[in-house]
file entry_7.pdb (PDB, C-alpha atoms and all ligand atoms)
ATOM      1  CA  MET I   1      -0.663  15.380  18.462
ATOM      2  CA  THR I   2       1.454  12.300  18.896
ATOM      3  CA  TRP I   3       3.627  10.495  16.389
ATOM      4  CA  ARG I   4       2.713   6.809  16.336
ATOM      5  CA  SER I   5       4.691   4.061  14.692
ATOM      6  CA  THR I   6       2.874   1.907  12.145
ATOM      7  CA  ASP I   7       5.552  -0.797  12.351
ATOM      8  CA  ILE I   8       5.568  -0.702   8.553
ATOM      9  CA  ALA I   9       8.865  -0.106   6.791
ATOM     10  CA  GLY I  10       8.625   2.867   4.467
ATOM     11  CA  ALA I  11      10.415   0.989   1.718
ATOM     12  CA  THR I  12       7.742  -1.728   1.616
ATOM     13  CA  LEU I  13       4.968   0.607   0.414
ATOM     14  CA  ALA I  14       5.419   0.796  -3.341
ATOM     15  CA  ASP I  15       4.369   3.729  -5.469
ATOM     16  CA  GLY I  16       0.661   3.448  -6.295
ATOM     17  CA  ALA I  17       0.036   1.136  -3.335
ATOM     18  CA  SER I  18      -2.009   1.603  -0.173
ATOM     19  CA  ARG I  19      -2.233  -0.197   3.123
ATOM     20  CA  GLU I  20      -4.643   0.103   6.042
ATOM     21  CA  VAL I  21      -3.291   0.109   9.573
ATOM     22  CA  LEU I  22      -5.086   0.342  12.915
ATOM     23  CA  LEU I  23      -3.485   2.835  15.308
ATOM     24  CA  GLY I  24      -5.301   2.660  18.612
ATOM     25  CA  THR I  25      -8.930   3.033  17.570
ATOM     26  CA  THR I  26      -8.197   4.906  14.340
ATOM     27  CA  SER I  27      -8.024   3.133  10.985
ATOM     28  CA  VAL I  28      -5.502   4.943   8.836
ATOM     29  CA  LEU I  29      -4.931   4.412   5.135
ATOM     30  CA  LEU I  30      -1.302   4.822   4.110
ATOM     31  CA  ILE I  31      -0.793   5.660   0.457
ATOM     32  CA  ARG I  32       2.276   6.222  -1.653
ATOM     33  CA  SER I  33       1.465   8.232  -4.749
ATOM     34  CA  GLN I  34       3.903   9.795  -7.189
ATOM     35  CA  GLY I  35       6.703   9.055  -4.710
ATOM     36  CA  ARG I  36       5.083  10.842  -1.758
ATOM     37  CA  LEU I  37       3.600   9.295   1.349
ATOM     38  CA  TYR I  38       0.118  10.183   2.653
ATOM     39  CA  ALA I  39      -2.015   9.118   5.640
ATOM     40  CA  LEU I  40      -5.812   9.482   5.602
ATOM     41  CA  ASP I  41      -8.842   8.309   7.511
ATOM     42  CA  ALA I  42      -9.525   4.823   6.107
ATOM     43  CA  ILE I  43     -13.311   5.106   6.464
ATOM     44  CA  CYS I  44     -15.390   7.046   3.947
ATOM     45  CA  PRO I  45     -17.251   9.924   5.638
ATOM     46  CA  HIS I  46     -20.347   9.243   3.493
ATOM     47  CA  LEU I  47     -21.590   5.872   4.747
ATOM     48  CA  GLY I  48     -18.492   4.153   6.023
ATOM     49  CA  GLY I  49     -17.053   2.572   2.885
ATOM     50  CA  LEU I  50     -13.693   0.876   3.350
ATOM     51  CA  LEU I  51     -11.314   3.021   1.356
ATOM     52  CA  ALA I  52      -8.608   0.355   1.365
ATOM     53  CA  ASP I  53     -10.857  -1.362  -1.199
ATOM     54  CA  GLY I  54     -11.176   1.839  -3.253
ATOM     55  CA  LEU I  55      -9.616   2.703  -6.567
ATOM     56  CA  LEU I  56      -6.363   4.670  -6.401
ATOM     57  CA  GLU I  57      -5.497   6.551  -9.582
ATOM     58  CA  GLY I  58      -2.553   8.876  -9.060
ATOM     59  CA  GLU I  59      -3.665  11.254  -6.328
ATOM     60  CA  ARG I  60      -7.376  10.376  -6.680
ATOM     61  CA  LEU I  61      -8.973   7.802  -4.370
ATOM     62  CA  THR I  62     -12.498   6.620  -5.219
ATOM     63  CA  CYS I  63     -14.702   4.956  -2.601
ATOM     64  CA  PRO I  64     -15.805   1.433  -3.591
ATOM     65  CA  GLU I  65     -19.353   1.974  -2.273
ATOM     66  CA  HIS I  66     -20.862   5.014  -4.011
ATOM     67  CA  ALA I  67     -17.947   6.512  -5.957
ATOM     68  CA  ALA I  68     -17.185   9.621  -3.902
ATOM     69  CA  ALA I  69     -13.624  10.641  -4.745
ATOM     70  CA  PHE I  70     -10.973  12.322  -2.626
ATOM     71  CA  ASP I  71      -7.595  13.938  -3.228
ATOM     72  CA  VAL I  72      -5.053  11.908  -1.260
ATOM     73  CA  ARG I  73      -2.819  14.949  -0.790
ATOM     74  CA  ASP I  74      -5.170  16.632   1.696
ATOM     75  CA  GLY I  75      -8.437  14.660   1.695
ATOM     76  CA  HIS I  76     -10.550  17.247  -0.101
ATOM     77  CA  VAL I  77     -13.560  16.029  -2.058
ATOM     78  CA  LEU I  78     -13.175  15.683  -5.821
ATOM     79  CA  ALA I  79     -16.554  14.028  -6.475
ATOM     80  CA  ASP I  80     -19.673  13.542  -4.380
ATOM     81  CA  PRO I  81     -21.289  10.113  -3.940
ATOM     82  CA  PHE I  82     -22.520   8.680  -7.219
ATOM     83  CA  GLY I  83     -19.695  10.474  -9.016
ATOM     84  CA  ILE I  84     -21.248  13.949  -8.982
ATOM     85  CA  GLU I  85     -18.529  16.279 -10.117
ATOM     86  CA  PRO I  86     -17.811  19.009  -9.276
ATOM     87  CA  PRO I  87     -18.978  18.133  -5.756
ATOM     88  CA  LEU I  88     -21.980  19.903  -4.169
ATOM     89  CA  ASP I  89     -21.263  19.282  -0.462
ATOM     90  CA  GLY I  90     -22.692  15.754  -0.571
ATOM     91  CA  VAL I  91     -19.880  14.447   1.616
ATOM     92  CA  GLY I  92     -17.240  15.951   3.875
ATOM     93  CA  PRO I  93     -13.493  15.683   3.346
ATOM     94  CA  LEU I  94     -11.307  12.889   4.596
ATOM     95  CA  THR I  95      -9.127  13.647   7.578
ATOM     96  CA  ALA I  96      -5.511  13.830   6.478
ATOM     97  CA  PHE I  97      -2.740  13.139   8.978
ATOM     98  CA  ALA I  98       0.884  14.197   8.923
ATOM     99  CA  VAL I  99       3.128  11.260   8.063
ATOM    100  CA  ARG I 100       6.877  10.691   8.104
ATOM    101  CA  VAL I 101       9.476   7.953   7.939
ATOM    102  CA  GLU I 102      11.670   7.729  11.028
ATOM    103  CA  ALA I 103      14.505   5.190  11.197
ATOM    104  CA  GLY I 104      12.933   3.481   8.186
ATOM    105  CA  THR I 105       9.471   3.094   9.741
ATOM    106  CA  ILE I 106       6.311   4.978   8.782
ATOM    107  CA  GLU I 107       4.902   7.157  11.577
ATOM    108  CA  VAL I 108       1.576   9.012  11.641
ATOM    109  CA  ASP I 109       0.773  12.080  13.738
ATOM    110  CA  LEU I 110      -2.607  11.445  15.375
ATOM    111  CA  PRO I 111      -4.560  13.827  17.574
ATOM    112  CA  ASP I 112      -4.399  13.137  21.299
ATOM    113  CA  ARG I 113      -7.653  11.866  22.744
TER     114      ARG I 113
HETATM  115  S1  LIG I 201     -19.674   5.098   1.507
HETATM  116 FE1  LIG I 201     -18.183   6.113   0.334
HETATM  117  S2  LIG I 201     -19.298   7.119  -1.206
HETATM  118 FE2  LIG I 201     -20.804   6.177   0.007
END
call {"tool": "encode", "arguments": {"input": "entry_7.pdb", "output": "structure tokens"}}
result
Amino acid sequence: MTWRSTDIAGATLADGASREVLLGTTSVLLIRSQGRLYALDAICPHLGGLLADGLLEGERLTCPEHAAAFDVRDGHVLADPFGIEPPLDGVGPLTAFAVRVEAGTIEVDLPDR
């Protein structure tokens, strides 16, 4: 695992906001929810929906394509595609990455390739 700088100042990501950043070949979605910072795979594991265009409600992120929903705290599935809840293994979880603010800048811990 390697900490990678996003070049985004931690203070610029407001509560309830998200921002997609490309780190190498990995698209990461940064989210600040309820004062905490999270980093998740930015691509929906169902059929590739762009989660930066999803609906963020507290700690729940809903894909804009088919309404699968994920918990931003660890990426686990809250609803399958088409809003089926509780989920029935219709989609896998989002990858969640460790995230921190170092010297004011957001860093994400990505696996080494
Ligand atoms: S692409 Fe995200 S729910 Fe289908």
call {"tool": "residues_around", "arguments": {"input": "entry_7.pdb", "residues": "range 47-63 of chain I", "least_positions_apart": "4", "cutoff": "7 Å", "atoms": "all atoms listed in the file", "output": "PyMOL selection string"}}
result
chain I and resi 16+18-20+29+33-34+42-43+67-73
call {"tool": "closest_residue", "arguments": {"input": "entry_7.pdb", "among": "I:Leu110, I:Val91, I:Ile84, I:Val99", "to": "Arg32 in chain I", "atoms": "all atoms listed in the file"}}
result
I:Val99
call {"tool": "resolve_selection", "arguments": {"input": "entry_7.pdb", "expression": "the PyMOL selection byres (((chain I and resi 102) around 12) and not hetatm)", "output": "VMD selection string"}}
result
chain I and resid 3 to 11 99 to 101 103 to 108
call {"tool": "closest_residue", "arguments": {"input": "entry_7.pdb", "among": "I:Ala96, I:Leu30, I:Val77, I:Cys44", "to": "ligand LIG 201 (chain I)", "atoms": "all atoms listed in the file"}}
result
I:Cys44
call {"tool": "axis_aligned_box", "arguments": {"input": "entry_7.pdb", "around": "range 1-17 of chain I", "padding_each_side": "6 Å", "output": "JSON"}}
result
{"center_x": 4.9, "center_y": 6.8, "center_z": 6.3, "size_x": 23.1, "size_y": 29.1, "size_z": 37.2}
call {"tool": "closest_residue", "arguments": {"input": "entry_7.pdb", "among": "I:Asp74, I:Asp41, I:Asp15, I:Asp80", "to": "ligand LIG 201 (chain I)", "atoms": "only C-alpha atoms and all ligand atoms"}}
result
I:Asp80
call {"tool": "atom_distance", "arguments": {"input": "entry_7.pdb", "atom1": "CA of His76 in chain I", "atom2": "atom S1 of ligand LIG 201 (chain I)"}}
result
15.3 Å
call {"tool": "closest_residue", "arguments": {"input": "entry_7.pdb", "among": "I:Ala17, I:Val28, I:Leu88, I:Ala79", "to": "ligand LIG 201 (chain I)", "atoms": "all atoms listed in the file"}}
result
I:Ala79
call {"tool": "closest_residue", "arguments": {"input": "entry_7.pdb", "among": "I:Gly35, I:Leu40, I:Pro45, I:Thr26", "to": "ligand LIG 201 (chain I)", "atoms": "all atoms listed in the file"}}
result
I:Pro45
call {"tool": "atom_distance", "arguments": {"input": "entry_7.pdb", "atom1": "CA of Asp89 in chain I", "atom2": "CA of Gly24 in chain I"}}
result
29.9 Å
call {"tool": "closest_residue", "arguments": {"input": "entry_7.pdb", "among": "I:Leu13, I:Gly83, I:Ala98, I:His46", "to": "ligand LIG 201 (chain I)", "atoms": "all atoms listed in the file"}}
result
I:His46
call {"tool": "atom_distance", "arguments": {"input": "entry_7.pdb", "atom1": "CA of Thr2 in chain I", "atom2": "CA of Arg36 in chain I"}}
result
21.0 Å
call {"tool": "residues_near_point", "arguments": {"input": "entry_7.pdb", "point": "(-2.7, 11.8, 22.5)", "cutoff": "7 Å", "atoms": "all atoms listed in the file", "output": "PyMOL selection string"}}
result
chain I and resi 1-2+111-113
